[in-house]
file input23.cif (mmCIF, C-alpha atoms)
data_model
loop_
_atom_site.label_atom_id
_atom_site.label_comp_id
_atom_site.auth_asym_id
_atom_site.auth_seq_id
_atom_site.Cartn_x
_atom_site.Cartn_y
_atom_site.Cartn_z
CA MET A 1 0.00 0.00 0.00
CA LYS A 2 2.81 2.39 0.89
CA LYS A 3 4.64 1.58 -2.34
CA TYR A 4 1.49 2.23 -4.39
CA PHE A 5 0.93 5.55 -2.58
CA SER A 6 4.54 6.63 -3.26
CA SER A 7 4.31 5.77 -6.96
CA THR A 8 1.05 7.71 -7.20
CA ILE A 9 2.70 10.80 -5.70
CA LEU A 10 5.59 10.50 -8.18
CA ARG A 11 3.20 10.24 -11.11
CA ALA A 12 1.02 13.14 -9.96
CA PRO A 13 3.02 15.96 -11.64
CA TYR A 14 2.98 14.15 -14.99
CA ILE A 15 -0.73 13.40 -14.70
CA LEU A 16 -1.44 17.04 -13.83
CA TRP A 17 0.71 18.28 -16.73
CA SER A 18 -1.03 15.92 -19.18
CA ALA A 19 -4.45 16.95 -17.93
CA LEU A 20 -3.77 20.70 -18.15
CA PHE A 21 -1.90 20.85 -21.45
CA ILE A 22 -3.07 17.77 -23.38
CA ILE A 23 -6.38 16.31 -22.25
CA ILE A 24 -8.27 19.54 -21.43
CA PRO A 25 -7.20 21.34 -24.66
CA LEU A 26 -8.28 18.28 -26.67
CA ILE A 27 -11.66 18.27 -24.95
CA ILE A 28 -12.11 21.98 -25.66
CA MET A 29 -11.13 21.47 -29.31
CA ALA A 30 -13.57 18.55 -29.66
CA TYR A 31 -16.34 20.63 -28.06
CA PHE A 32 -15.94 23.50 -30.52
CA ALA A 33 -15.59 21.13 -33.48
CA LEU A 34 -18.80 19.26 -32.65
CA THR A 35 -20.99 22.26 -31.77
CA ASP A 36 -22.23 25.40 -33.49
CA ALA A 37 -21.98 28.99 -32.29
CA ASN A 38 -24.89 28.40 -29.90
CA GLY A 39 -23.31 25.32 -28.32
CA THR A 40 -25.70 22.88 -30.05
CA PHE A 41 -24.29 19.56 -31.18
CA CYS A 42 -23.81 19.37 -34.96
CA LEU A 43 -21.45 18.11 -37.65
CA ALA A 44 -21.88 21.10 -39.92
CA ASN A 45 -18.37 22.36 -39.17
CA PHE A 46 -16.89 19.41 -41.04
CA SER A 47 -18.90 20.24 -44.16
CA HIS A 48 -16.66 23.28 -44.69
CA LEU A 49 -13.50 21.18 -44.95
CA SER A 50 -13.75 20.87 -48.74
CA ARG A 51 -12.85 24.56 -48.96
CA TYR A 52 -9.45 23.80 -47.45
CA LYS A 53 -8.54 20.66 -49.41
CA LYS A 54 -5.78 22.53 -51.24
CA ALA A 55 -4.17 23.48 -47.92
CA PHE A 56 -4.44 19.86 -46.74
CA MET A 57 -2.86 18.54 -49.93
CA LEU A 58 -0.05 21.10 -49.88
CA SER A 59 0.70 20.33 -46.23
CA ILE A 60 0.93 16.58 -46.90
CA ILE A 61 3.00 17.01 -50.08
CA TYR A 62 5.43 19.47 -48.48
CA ALA A 63 5.75 17.24 -45.41
CA LEU A 64 6.49 14.17 -47.56
CA ILE A 65 9.07 16.01 -49.66
CA SER A 66 10.85 17.47 -46.64
CA THR A 67 10.80 14.07 -44.90
CA VAL A 68 12.39 12.35 -47.90
CA ILE A 69 15.07 15.04 -48.23
CA THR A 70 15.94 14.93 -44.53
CA LEU A 71 16.19 11.13 -44.71
CA LEU A 72 18.55 11.30 -47.71
CA ILE A 73 20.75 13.76 -45.83
CA ALA A 74 20.51 12.23 -42.36
CA TYR A 75 21.11 8.57 -43.15
CA PRO A 76 24.61 8.85 -44.69
CA LEU A 77 25.54 11.48 -42.09
CA ALA A 78 24.47 9.19 -39.24
CA TYR A 79 26.40 6.31 -40.83
CA PHE A 80 29.49 8.52 -41.14
CA MET A 81 29.19 9.53 -37.49
CA THR A 82 29.20 5.88 -36.37
CA LYS A 83 32.47 5.34 -38.22
CA CYS A 84 34.22 8.23 -36.45
CA LYS A 85 36.14 8.01 -33.22
CA PRO A 86 34.15 8.61 -30.00
CA GLY A 87 35.58 12.10 -29.56
CA ALA A 88 34.71 13.04 -33.13
CA GLN A 89 31.21 11.63 -32.68
CA ARG A 90 30.62 13.84 -29.66
CA MET A 91 31.92 16.88 -31.53
CA LEU A 92 29.67 16.19 -34.54
CA MET A 93 26.73 15.71 -32.19
CA ILE A 94 27.41 19.07 -30.54
CA LEU A 95 27.70 20.81 -33.92
CA MET A 96 24.45 19.23 -35.02
CA MET A 97 22.64 20.28 -31.84
CA LEU A 98 23.98 23.84 -31.68
CA PRO A 99 21.25 25.30 -33.93
CA MET A 100 18.63 23.62 -31.73
CA TRP A 101 19.80 25.75 -28.80
CA THR A 102 18.55 28.81 -30.67
CA ASN A 103 14.87 29.71 -30.64
CA PHE A 104 12.87 28.10 -33.45
CA LEU A 105 11.46 31.44 -34.59
CA ILE A 106 14.90 33.03 -34.76
CA ARG A 107 16.32 30.10 -36.75
CA THR A 108 13.50 30.38 -39.26
CA TYR A 109 13.64 34.16 -39.44
CA SER A 110 17.39 34.07 -40.10
CA TRP A 111 16.72 32.49 -43.50
CA ILE A 112 14.99 35.71 -44.54
CA THR A 113 18.23 37.66 -44.08
CA ILE A 114 20.02 34.99 -46.09
CA LEU A 115 17.56 34.56 -48.97
CA SER A 116 15.86 37.97 -49.31
CA ASN A 117 16.53 40.26 -52.27
CA THR A 118 19.03 42.19 -50.15
CA GLY A 119 20.23 39.12 -48.30
CA ILE A 120 23.67 37.57 -48.14
CA ILE A 121 23.29 35.30 -51.17
CA ASN A 122 21.73 37.89 -53.49
CA THR A 123 24.24 40.53 -52.39
CA LEU A 124 27.08 38.20 -53.35
CA LEU A 125 25.42 37.26 -56.64
CA THR A 126 24.85 40.92 -57.47
CA LYS A 127 28.52 41.70 -56.94
CA LEU A 128 29.36 38.82 -59.27
CA GLY A 129 26.99 40.24 -61.87
CA ILE A 130 24.63 37.24 -61.98
CA GLY A 131 21.85 38.33 -59.66
CA PRO A 132 19.75 39.07 -57.77
CA PHE A 133 17.23 36.21 -57.89
CA GLN A 134 13.85 35.75 -56.22
CA LEU A 135 14.78 33.20 -53.54
CA ILE A 136 12.24 34.04 -50.87
CA ASN A 137 8.47 33.42 -50.95
CA ARG A 138 8.78 30.24 -52.99
CA PRO A 139 7.62 26.67 -52.29
CA GLY A 140 11.20 25.43 -52.39
CA THR A 141 12.14 27.91 -49.70
CA VAL A 142 9.42 26.55 -47.40
CA ILE A 143 10.74 23.01 -47.89
CA LEU A 144 14.27 24.27 -47.24
CA GLY A 145 13.12 25.76 -43.93
CA MET A 146 11.44 22.50 -42.92
CA VAL A 147 14.52 20.45 -43.77
CA TYR A 148 16.79 22.81 -41.86
CA ASP A 149 14.59 22.96 -38.75
CA PHE A 150 13.71 19.26 -38.53
CA LEU A 151 16.91 17.60 -39.78
CA PRO A 152 18.23 16.83 -36.25
CA TYR A 153 15.01 14.95 -35.51
CA MET A 154 15.90 12.56 -38.32
CA ILE A 155 19.59 12.23 -37.52
CA LEU A 156 19.27 11.49 -33.79
CA PRO A 157 17.09 8.34 -33.90
CA ILE A 158 18.97 6.91 -36.88
CA TYR A 159 22.34 7.51 -35.24
CA ASN A 160 21.08 6.13 -31.93
CA VAL A 161 20.02 2.83 -33.54
CA MET A 162 22.92 2.60 -35.97
CA SER A 163 25.53 3.14 -33.24
CA LYS A 164 24.29 -0.04 -31.53
CA ILE A 165 24.68 -2.24 -34.62
CA ASP A 166 27.28 -4.97 -34.33
CA PHE A 167 29.44 -4.09 -37.32
CA SER A 168 31.07 -7.51 -37.18
CA LEU A 169 27.99 -8.53 -39.15
CA THR A 170 29.08 -6.26 -41.99
CA GLU A 171 32.55 -7.77 -41.90
CA ALA A 172 31.01 -11.24 -42.09
CA ALA A 173 28.90 -10.16 -45.07
CA GLU A 174 31.98 -8.79 -46.82
CA ASP A 175 33.87 -12.03 -46.14
CA LEU A 176 31.00 -13.87 -47.84
CA GLY A 177 31.44 -11.78 -50.97
CA ALA A 178 28.94 -8.93 -50.50
CA ASN A 179 30.05 -5.58 -51.90
CA ARG A 180 29.66 -2.31 -49.98
CA MET A 181 26.28 -1.43 -51.51
CA ARG A 182 24.88 -4.89 -50.78
CA VAL A 183 26.12 -4.70 -47.19
CA ILE A 184 24.32 -1.38 -46.70
CA THR A 185 21.04 -2.50 -48.30
CA LYS A 186 20.92 -6.05 -46.89
CA VAL A 187 22.56 -5.69 -43.48
CA ILE A 188 22.87 -2.11 -42.21
CA PHE A 189 19.59 -0.68 -43.49
CA PRO A 190 17.32 -3.48 -42.13
CA LEU A 191 18.99 -3.25 -38.72
CA SER A 192 18.69 0.54 -38.66
CA LEU A 193 15.08 0.56 -39.90
CA PRO A 194 13.51 1.25 -36.44
CA GLY A 195 15.55 4.45 -36.25
CA VAL A 196 14.56 5.39 -39.80
CA VAL A 197 10.86 4.90 -39.05
CA SER A 198 11.16 6.88 -35.82
CA GLY A 199 12.95 9.70 -37.66
CA ILE A 200 10.32 9.76 -40.41
CA THR A 201 7.59 10.09 -37.80
CA MET A 202 9.44 12.81 -35.90
CA VAL A 203 9.92 14.87 -39.08
CA PHE A 204 6.61 14.25 -40.84
CA VAL A 205 4.41 15.13 -37.85
CA PRO A 206 5.77 18.67 -37.23
CA SER A 207 6.16 19.27 -40.97
CA VAL A 208 2.54 18.55 -41.81
CA SER A 209 1.28 20.82 -39.02
CA THR A 210 3.81 23.66 -39.28
CA PHE A 211 2.71 27.22 -39.96
CA TYR A 212 5.43 29.71 -39.02
CA ILE A 213 7.92 28.42 -41.59
CA SER A 214 5.46 28.76 -44.46
CA GLN A 215 4.42 32.24 -43.33
CA LYS A 216 7.92 33.67 -43.18
CA LEU A 217 9.55 31.82 -46.08
CA GLY A 218 6.55 31.25 -48.34
CA GLY A 219 4.67 34.50 -47.88
CA ASN A 220 1.02 34.65 -48.92
CA LYS A 221 1.69 32.26 -51.80
CA THR A 222 1.93 29.22 -49.53
CA MET A 223 -1.03 28.58 -47.22
CA LEU A 224 -0.60 25.30 -45.37
CA ILE A 225 -3.23 23.82 -43.10
CA GLY A 226 -1.43 25.14 -40.00
CA ASP A 227 -1.60 28.65 -41.48
CA MET A 228 -5.30 28.20 -42.21
CA ILE A 229 -6.04 27.13 -38.64
CA GLU A 230 -4.16 30.10 -37.19
CA TYR A 231 -5.86 32.47 -39.66
CA LEU A 232 -9.34 31.26 -38.70
CA PHE A 233 -8.63 31.51 -34.97
CA ASN A 234 -7.35 35.06 -35.42
CA LEU A 235 -10.63 36.03 -37.10
CA GLY A 236 -12.43 35.67 -33.79
CA PRO A 237 -14.87 33.41 -31.90
CA ASP A 238 -17.19 33.03 -34.89
CA TYR A 239 -14.57 30.87 -36.60
CA TYR A 240 -13.44 28.79 -33.62
CA ASN A 241 -15.77 25.93 -34.54
CA VAL A 242 -14.52 25.51 -38.10
CA ALA A 243 -10.90 25.93 -37.03
CA SER A 244 -11.38 23.25 -34.36
CA ALA A 245 -12.91 20.88 -36.92
CA ILE A 246 -9.90 21.36 -39.20
CA SER A 247 -7.61 20.77 -36.21
CA MET A 248 -9.38 17.48 -35.44
CA VAL A 249 -8.95 16.28 -39.00
CA LEU A 250 -5.28 17.25 -38.95
CA MET A 251 -4.84 15.40 -35.65
CA ALA A 252 -6.50 12.34 -37.19
CA ILE A 253 -4.08 12.44 -40.13
CA ILE A 254 -1.14 12.63 -37.73
CA LEU A 255 -2.44 9.76 -35.58
CA VAL A 256 -3.02 7.56 -38.63
CA SER A 257 0.49 8.21 -39.93
CA MET A 258 1.98 7.42 -36.51
CA PHE A 259 -0.09 4.24 -36.26
CA ILE A 260 1.13 3.08 -39.67
CA MET A 261 4.75 3.83 -38.79
CA ASN A 262 4.47 1.99 -35.47
CA ARG A 263 2.90 -1.05 -37.08
CA PHE A 264 5.62 -1.04 -39.71
CA THR A 265 8.30 -0.94 -37.02
CA ASP A 266 6.65 -3.75 -35.05
CA GLU A 267 6.49 -5.99 -38.11
CA GLU A 268 10.14 -5.36 -38.92
CA SER A 269 11.16 -6.04 -35.30
CA GLU A 270 9.27 -9.33 -35.29
CA GLY A 271 11.00 -10.31 -38.50
CA VAL A 272 14.42 -9.64 -36.96
CA VAL A 273 13.60 -11.74 -33.91
CA LEU A 274 12.51 -14.69 -36.03
#

call {"tool": "encode", "arguments": {"input": "input23.cif", "output": "structure tokens"}}
result
Amino acid sequence: MKKYFSSTILRAPYILWSALFIIIPLIIMAYFALTDANGTFCLANFSHLSRYKKAFMLSIIYALISTVITLLIAYPLAYFMTKCKPGAQRMLMILMMLPMWTNFLIRTYSWITILSNTGIINTLLTKLGIGPFQLINRPGTVILGMVYDFLPYMILPIYNVMSKIDFSLTEAAEDLGANRMRVITKVIFPLSLPGVVSGITMVFVPSVSTFYISQKLGGNKTMLIGDMIEYLFNLGPDYYNVASAISMVLMAIILVSMFIMNRFTDEESEGVVL
């Protein structure tokens, strides 16, 4: 009884935190999504979602593209880090985490000074006589911002899993005649797949729901679903219901993607055990 009481006390702060900042906000969101302006239960708010299908599609496409790019960058970098000496690994980890110590808004806003018409790149190109170019307020710039901000979330889980791989397996594969590419595809990649799936989830989820990056780097030309939700909430209480309905659909998309990734990881893990 005493042990149970002690464990309950230890869990209390986490339960309180979850209730205040997760459960209660979700209940409020569900209430607004499933009621009208008078508080009457209805599903009419979801009938307006067809107006925002373009924002939904853009959010998913941008999130998929940025996730693929971060994976292509992060995987070889994580593999390179595992081949370095322990001291070099720690140094690379610090260098990778340094930007994360800076506020997210500042990191995103700094790209404006780099890519704007009077920014560092265009100033240099102008002096070389080959510029300036319109680099800001483009879809590619939004994807660049996503890749830059979320790249560490892809590197960390892949490196964490890959660093625990017994690389004597790769030596055995090479002794059996496998070339370097076959070793990577048939030995290293399957063993590092849980980290890859975790990284994909950690990048896709914030990418599909982001709004600040698209506002600052995409301008008014790029309206993602996160931007639409913020815009509707800023219009006032009359739009809270529709914005909450959109938020519920976005949350459902995120939960489905996480469920698929988790099932995929579980199946791969079972295959390794067998």

call {"tool": "resolve_selection", "arguments": {"input": "input23.cif", "expression": "the PyMOL selection byres ((chain A and resi 196-211) around 6)", "output": "list of chain:residue names"}}
result
A:Ser59, A:Ile60, A:Ala63, A:Thr67, A:Phe150, A:Tyr153, A:Met154, A:Pro157, A:Ile158, A:Leu193, A:Pro194, A:Gly195, A:Tyr212, A:Ile213, A:Ser214, A:Gly226, A:Asp227

call {"tool": "atom_distance", "arguments": {"input": "input23.cif", "atom1": "atom CA of Ile15 of chain A", "atom2": "atom CA of Ile28 of chain A"}}
result
18.0 Å

call {"tool": "closest_residue", "arguments": {"input": "input23.cif", "among": "A:Ser192, A:Asn262, A:Asn38, A:Asn234", "to": "Pro76 of chain A", "atoms": "only C-alpha atoms"}}
result
A:Ser192

call {"tool": "resolve_selection", "arguments": {"input": "input23.cif", "expression": "the PyMOL selection byres ((chain A and resi 33) around 6)", "output": "list of chain:residue names"}}
result
A:Ala30, A:Tyr31, A:Phe32, A:Leu34, A:Thr35, A:Asn241, A:Ser244, A:Ala245

call {"tool": "atom_distance", "arguments": {"input": "input23.cif", "atom1": "atom CA of Lys216 of chain A", "atom2": "atom CA of Ile61 of chain A"}}
result
18.7 Å

call {"tool": "atom_distance", "arguments": {"input": "input23.cif", "atom1": "atom CA of Leu16 of chain A", "atom2": "atom CA of Leu250 of chain A"}}
result
25.4 Å

call {"tool": "closest_residue", "arguments": {"input": "input23.cif", "among": "A:Ala19, A:Leu115, A:Ala37, A:Leu77", "to": "Asn137 of chain A", "atoms": "all atoms listed in the file"}}
result
A:Leu115

call {"tool": "residues_around", "arguments": {"input": "input23.cif", "residues": "Asp149 of chain A", "least_positions_apart": "3", "cutoff": "8 Å", "atoms": "only C-alpha atoms", "output": "JSON, numbers by chain"}}
result
{"A": [104, 107, 108, 145, 146, 152]}

call {"tool": "closest_residue", "arguments": {"input": "input23.cif", "among": "A:Ser66, A:Thr185, A:Ser257, A:Thr118", "to": "Ala173 of chain A", "atoms": "all atoms listed in the file"}}
result
A:Thr185

call {"tool": "residues_around", "arguments": {"input": "input23.cif", "residues": "segment 133-136 of chain A", "least_positions_apart": "2", "cutoff": "8 Å", "atoms": "all atoms listed in the file", "output": "MDAnalysis selection string"}}
result
chainID A and resid 112 115:117 122 131 138 141 217:218

call {"tool": "build_atoms", "arguments": {"input": "input23.cif", "residues": "segment 69-80 of chain A", "atoms": "all heavy atoms", "output": "CSV table (one decimal), in the frame of the given file"}}
result
chain,number,residue,atom,x,y,z
A,69,ILE,N,13.8,14.3,-48.1
A,69,ILE,CA,15.1,15.0,-48.2
A,69,ILE,C,15.9,14.9,-46.9
A,69,ILE,O,17.1,14.7,-47.0
A,69,ILE,CB,14.8,16.5,-48.6
A,69,ILE,CG1,14.2,16.7,-50.0
A,69,ILE,CG2,16.1,17.3,-48.5
A,69,ILE,CD1,13.8,18.1,-50.3
A,70,THR,N,15.2,15.1,-45.8
A,70,THR,CA,15.9,14.9,-44.5
A,70,THR,C,16.5,13.5,-44.4
A,70,THR,O,17.6,13.3,-43.8
A,70,THR,CB,15.0,15.3,-43.3
A,70,THR,OG1,13.8,14.5,-43.4
A,70,THR,CG2,14.7,16.7,-43.3
A,71,LEU,N,15.7,12.5,-44.8
A,71,LEU,CA,16.2,11.1,-44.7
A,71,LEU,C,17.4,10.9,-45.6
A,71,LEU,O,18.4,10.3,-45.2
A,71,LEU,CB,15.1,10.2,-45.1
A,71,LEU,CG,15.4,8.7,-45.2
A,71,LEU,CD1,15.9,8.2,-43.8
A,71,LEU,CD2,14.3,7.9,-45.6
A,72,LEU,N,17.4,11.5,-46.8
A,72,LEU,CA,18.6,11.3,-47.7
A,72,LEU,C,19.8,12.0,-47.2
A,72,LEU,O,20.9,11.5,-47.4
A,72,LEU,CB,18.2,11.9,-49.1
A,72,LEU,CG,17.1,11.1,-49.9
A,72,LEU,CD1,16.8,11.8,-51.2
A,72,LEU,CD2,17.5,9.7,-50.1
A,73,ILE,N,19.6,13.1,-46.4
A,73,ILE,CA,20.8,13.8,-45.8
A,73,ILE,C,21.2,13.1,-44.5
A,73,ILE,O,22.4,12.9,-44.3
A,73,ILE,CB,20.4,15.2,-45.6
A,73,ILE,CG1,20.1,16.0,-46.9
A,73,ILE,CG2,21.6,15.9,-44.8
A,73,ILE,CD1,19.6,17.4,-46.7
A,74,ALA,N,20.2,12.7,-43.7
A,74,ALA,CA,20.5,12.2,-42.4
A,74,ALA,C,21.1,10.8,-42.4
A,74,ALA,O,22.0,10.6,-41.5
A,74,ALA,CB,19.2,12.2,-41.5
A,75,TYR,N,20.7,10.0,-43.2
A,75,TYR,CA,21.1,8.6,-43.2
A,75,TYR,C,22.6,8.4,-43.4
A,75,TYR,O,23.3,7.8,-42.6
A,75,TYR,CB,20.3,7.7,-44.1
A,75,TYR,CG,20.5,6.2,-43.8
A,75,TYR,CD1,19.6,5.6,-42.9
A,75,TYR,CD2,21.5,5.5,-44.4
A,75,TYR,CE1,19.8,4.3,-42.6
A,75,TYR,CE2,21.6,4.1,-44.1
A,75,TYR,CZ,20.8,3.5,-43.2
A,75,TYR,OH,20.9,2.2,-42.9
A,76,PRO,N,23.1,9.0,-44.5
A,76,PRO,CA,24.6,8.8,-44.7
A,76,PRO,C,25.4,9.6,-43.6
A,76,PRO,O,26.5,9.2,-43.3
A,76,PRO,CB,24.8,9.4,-46.1
A,76,PRO,CG,23.6,10.2,-46.4
A,76,PRO,CD,22.5,9.6,-45.7
A,77,LEU,N,24.8,10.7,-43.1
A,77,LEU,CA,25.5,11.5,-42.1
A,77,LEU,C,25.6,10.7,-40.8
A,77,LEU,O,26.6,10.6,-40.1
A,77,LEU,CB,24.8,12.8,-41.8
A,77,LEU,CG,25.4,13.7,-40.8
A,77,LEU,CD1,26.9,14.0,-41.1
A,77,LEU,CD2,24.7,15.0,-40.7
A,78,ALA,N,24.5,10.0,-40.4
A,78,ALA,CA,24.5,9.2,-39.2
A,78,ALA,C,25.4,8.0,-39.4
A,78,ALA,O,26.1,7.6,-38.4
A,78,ALA,CB,23.1,8.7,-39.0
A,79,TYR,N,25.5,7.4,-40.6
A,79,TYR,CA,26.4,6.3,-40.8
A,79,TYR,C,27.8,6.8,-40.7
A,79,TYR,O,28.7,6.1,-40.1
A,79,TYR,CB,26.1,5.7,-42.2
A,79,TYR,CG,27.1,4.6,-42.6
A,79,TYR,CD1,26.9,3.3,-42.0
A,79,TYR,CD2,28.1,4.8,-43.5
A,79,TYR,CE1,27.8,2.3,-42.4
A,79,TYR,CE2,29.0,3.8,-43.8
A,79,TYR,CZ,28.8,2.5,-43.3
A,79,TYR,OH,29.6,1.5,-43.6
A,80,PHE,N,28.1,8.0,-41.2
A,80,PHE,CA,29.5,8.5,-41.1
A,80,PHE,C,29.9,8.8,-39.7
A,80,PHE,O,31.0,8.5,-39.3
A,80,PHE,CB,29.6,9.8,-41.9
A,80,PHE,CG,30.8,10.6,-41.7
A,80,PHE,CD1,32.0,10.2,-42.4
A,80,PHE,CD2,30.9,11.7,-40.9
A,80,PHE,CE1,33.2,10.9,-42.2
A,80,PHE,CE2,32.0,12.4,-40.7
A,80,PHE,CZ,33.2,12.0,-41.4
